[in-house]
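S.K.: Sharing a structure with you now.
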Amino acid sequence: MHFEIDKNAFKGPFTCCGQKTRRAIKKVSIKGLQFTYDAWRCSKCGKEYLDTKQAGIMEKFWGMQMLLEGKAPTMERSLNYDGKAYFVRFPKDLTGSWNKGKKATITMLTPEKYFVEIT
Ligand SMILES: [Zn+2]
């Protein structure tokens, strides 16, 4: 998959080959799971463009793809206990862009597997 991602372009349609691109619904399958995404496609040259929202969805999708293919980086951290709850510390070199207003959303996959999203 190859896309042009324009950081300044928040919304499509984009202009390519002198005409406006059209929204195209695309399907891709990873490890037997099918995903649908949309992109802006030029009907002349076939080039695809992503706007900010679509790029955010693709970013999640690529993360999911790495996870499913076993290519996502993992790290082992000790589980700490403060007498009431368990917590995990994130190493400082990963949290440089974090600030105190951020929230963590924990999605339970199984009782031993969780997906943590920092937003
Ligand atoms: Zn084009």
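Residue numbers start at 1 in each chain; chains themselves are named A, B, ... in the order of the structure tokens; ligands are numbered from 1 in the order shown.
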For the contact check between chain A and ligand 1, emit one row per residue of chain A within 6 Å, containing the shortest atom pair and the distance in Å rounded to one decimal, counting only C-alpha atoms and all ligand atoms, chain then rising number order, as a Markdown table.
M.R.:
| residue | atom | partner | partner_atom_place_in_ligand_line | distance |
| --- | --- | --- | --- | --- |
| A:Cys16 | CA | ligand 1 | 1 (Zn) | 4.2 |
| A:Cys17 | CA | ligand 1 | 1 (Zn) | 4.1 |
| A:Cys42 | CA | ligand 1 | 1 (Zn) | 4.7 |
| A:Lys44 | CA | ligand 1 | 1 (Zn) | 5.2 |
| A:Cys45 | CA | ligand 1 | 1 (Zn) | 4.2 |
| A:Lys47 | CA | ligand 1 | 1 (Zn) | 5.6 |
S.K.: Can you tell me, as an MDAnalysis selection string, what residues are no more than 10 Å from range 33-37 of chain A when counting only C-alpha atoms, ignoring any on the same chain fewer than 2 positions away?
M.R.: chainID A and resid 24:31 39 54 57:58 61 68
S.K.: Using the chain letters and numbers from this document, which residues of chain A does DSSP assign to strand (DSSP E), as a ChimeraX atom specification?
M.R.: /A:4-5,15-16,19-20,22-30,33-41,48-50,79-81,86-88,104-110,113-118
S.K.: So which residues touch Leu50 in chain A within 9 Å, counting only C-alpha atoms, skipping near sequence neighbours fewer than 3 positions away, as an mmCIF file with N, CA and C atoms, in the first residue's frame?
M.R.:
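Saved to around-v3.cif:
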data_model
loop_
_atom_site.group_PDB
_atom_site.id
_atom_site.type_symbol
_atom_site.label_atom_id
_atom_site.label_comp_id
_atom_site.auth_asym_id
_atom_site.auth_seq_id
_atom_site.Cartn_x
_atom_site.Cartn_y
_atom_site.Cartn_z
ATOM 1 N N PHE A 3 0.594 5.535 -0.055
ATOM 2 C CA PHE A 3 -0.283 6.699 0.027
ATOM 3 C C PHE A 3 0.524 7.975 0.109
ATOM 4 N N GLU A 4 -0.093 9.029 -0.347
ATOM 5 C CA GLU A 4 0.447 10.357 -0.110
ATOM 6 C C GLU A 4 -0.289 10.879 1.113
ATOM 7 N N ILE A 5 0.452 11.291 2.134
ATOM 8 C CA ILE A 5 -0.203 11.881 3.292
ATOM 9 C C ILE A 5 0.258 13.323 3.410
ATOM 10 N N ASP A 6 -0.660 14.224 3.154
ATOM 11 C CA ASP A 6 -0.327 15.639 3.211
ATOM 12 C C ASP A 6 -0.704 16.189 4.570
ATOM 13 N N ALA A 9 -3.188 19.024 4.559
ATOM 14 C CA ALA A 9 -4.508 18.782 3.997
ATOM 15 C C ALA A 9 -5.371 18.036 4.992
ATOM 16 N N PHE A 10 -6.265 18.740 5.629
ATOM 17 C CA PHE A 10 -7.096 18.117 6.645
ATOM 18 C C PHE A 10 -8.252 17.340 6.037
ATOM 19 N N LYS A 11 -8.715 17.816 4.906
ATOM 20 C CA LYS A 11 -9.886 17.187 4.297
ATOM 21 C C LYS A 11 -9.730 17.030 2.797
ATOM 22 N N GLY A 12 -10.244 15.908 2.271
ATOM 23 C CA GLY A 12 -10.304 15.734 0.830
ATOM 24 C C GLY A 12 -11.523 16.445 0.307
ATOM 25 N N ASP A 38 -11.071 3.836 3.847
ATOM 26 C CA ASP A 38 -11.319 4.667 2.680
ATOM 27 C C ASP A 38 -10.199 5.662 2.452
ATOM 28 N N ALA A 39 -10.029 5.988 1.181
ATOM 29 C CA ALA A 39 -8.964 6.884 0.748
ATOM 30 C C ALA A 39 -9.502 7.718 -0.402
ATOM 31 N N TRP A 40 -8.799 8.768 -0.752
ATOM 32 C CA TRP A 40 -9.167 9.576 -1.919
ATOM 33 C C TRP A 40 -8.346 9.072 -3.092
ATOM 34 N N ARG A 41 -9.014 8.729 -4.194
ATOM 35 C CA ARG A 41 -8.324 8.114 -5.313
ATOM 36 C C ARG A 41 -8.484 8.941 -6.589
ATOM 37 N N LYS A 53 -8.004 12.545 8.945
ATOM 38 C CA LYS A 53 -8.825 11.547 9.629
ATOM 39 C C LYS A 53 -8.497 10.134 9.122
ATOM 40 N N GLN A 54 -8.405 10.004 7.808
ATOM 41 C CA GLN A 54 -8.087 8.703 7.197
ATOM 42 C C GLN A 54 -6.691 8.243 7.613
ATOM 43 N N ALA A 55 -5.747 9.184 7.702
ATOM 44 C CA ALA A 55 -4.378 8.838 8.105
ATOM 45 C C ALA A 55 -4.350 8.325 9.537
ATOM 46 N N MET A 58 -5.585 4.793 9.438
ATOM 47 C CA MET A 58 -4.563 3.917 8.868
ATOM 48 C C MET A 58 -3.434 3.655 9.863
#
S.K.: Using only C-alpha atoms, determine which residues lie at most 7 Å from Thr107 in chain A, disregarding the query and same-chain residues fewer than 4 positions distant; provide the list as JSON, numbers by chain.
M.R.: {"A": [114, 115, 116]}
S.K.: I need the residues from that last selection saved to file as an mmCIF file, in the first residue's frame (with N, CA and C atoms), if you can.
M.R.:
data_model
loop_
_atom_site.group_PDB
_atom_site.id
_atom_site.type_symbol
_atom_site.label_atom_id
_atom_site.label_comp_id
_atom_site.auth_asym_id
_atom_site.auth_seq_id
_atom_site.Cartn_x
_atom_site.Cartn_y
_atom_site.Cartn_z
ATOM 1 N N TYR A 114 -4.298 -6.861 27.463
ATOM 2 C CA TYR A 114 -4.910 -5.543 27.426
ATOM 3 C C TYR A 114 -4.250 -4.702 26.356
ATOM 4 N N PHE A 115 -5.033 -3.806 25.800
ATOM 5 C CA PHE A 115 -4.533 -2.866 24.810
ATOM 6 C C PHE A 115 -4.646 -1.483 25.427
ATOM 7 N N VAL A 116 -3.543 -0.779 25.533
ATOM 8 C CA VAL A 116 -3.536 0.544 26.163
ATOM 9 C C VAL A 116 -3.299 1.609 25.106
#
S.K.: Step one, run DSSP on the backbone; step two, keep only residues of chain A assigned to helix (DSSP H, G or I); then write them as number ranges by chain.
M.R.: A: 52-68, 92-94
S.K.: Give me the residues within 7 Å of Ala104 in chain A as a VMD selection string, counting only C-alpha atoms and dropping any in the same chain fewer than 2 places off.
M.R.: chain A and resid 102 106 116 to 119
